[in-house]
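This report refers to the structure that appears directly beneath it.
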Amino acid sequence: MKWLTCKIKREPGFRFNVIDLSFLIILTALSYLIYSITVEHGLFLLPIYIGITFFLFCNVFRIGNRLEALWYIPFTITVIYGFFSNIENLWTSVLWICEPLKIVLIIYHIIKGPYEGIFYKKI
């Protein structure tokens, strides 16, 4: 892993730079802010969950925008539905719907190729 400043790494493999670190710090601060306002139903975990998911998609497995859309559209619908129906089951819904979808999208991207994410030389 090469530490980059603000330059985007184009070559295959894991990537991490100051912008990514800043993004994760901002989302962690946002989660803390939400936590300080309300601890109710684990809503403070949403920014962290979204940040980690996009970090996996963009920096670790590098699946691309088209496949990301297949995750964030159901995620958004699930969260909106959770807010308006029974917020207590929000995380159950997110984890049962979005996590398997995330795994399927990553596996699909690795199989269909060309794969440029982490461990790309071994696959």
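By order of appearance in the structure tokens: chains A, B, ..., then residues from 1 within every chain, and ligands from 1 in the order shown.
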
Find the residues near region 70-84 of chain A: any atom within 12 Å, counting only C-alpha atoms, skip ones fewer than 5 places away on the same chain, and give them as a ChimeraX atom specification. /A:41,43,46,49-51,53-54,57,63-65,89-106,108

At a cut-off of 9 Å, can you tabulate as CSV every residue of region 30-63 of chain A near region 12-24 of chain A together with its closest atom pair and the distance in Å to one decimal, using only C-alpha atoms and ordering rows by chain then number?
residue,atom,partner,partner_atom,distance
A:Ile48,CA,A:Leu24,CA,7.7
A:Gly51,CA,A:Leu24,CA,6.4
A:Ile52,CA,A:Leu24,CA,7.9
A:Phe55,CA,A:Asp20,CA,7.8
A:Cys58,CA,A:Arg15,CA,8.6
A:Asn59,CA,A:Arg15,CA,5.2
A:Val60,CA,A:Phe14,CA,5.0
A:Phe61,CA,A:Phe14,CA,7.5
A:Arg62,CA,A:Phe14,CA,8.2

What does the structure give for the distance between CA of Leu30 (chain A) and CA of Ile87 (chain A), in Å to one decimal?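 We find that CA of Leu30 (chain A) and CA of Ile87 (chain A) lie 19.7 Å from each other.
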
Non-local contacts of Ser31 (chain A) (7 Å; only C-alpha atoms; under 6 positions in same chain excluded) as a PyMOL selection string: chain A and resi 44-45+47-48

Can you list every residue in region 3-122 of chain A that DSSP puts in helix (DSSP H, G or I), as a ChimeraX atom specification? /A:18-37,40-42,45-60,65-84,87-112

Could you check how far CA of Ser85 (chain A) sits from CA of Leu67 (chain A), in Å to one decimal?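 These atoms are spaced 27.7 Å apart.
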
Atom pair CA of Val39 (chain A) / CA of Glu68 (chain A): separation (Å):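 One can read the CA of Val39 (chain A) to CA of Glu68 (chain A) distance as 28.8 Å.
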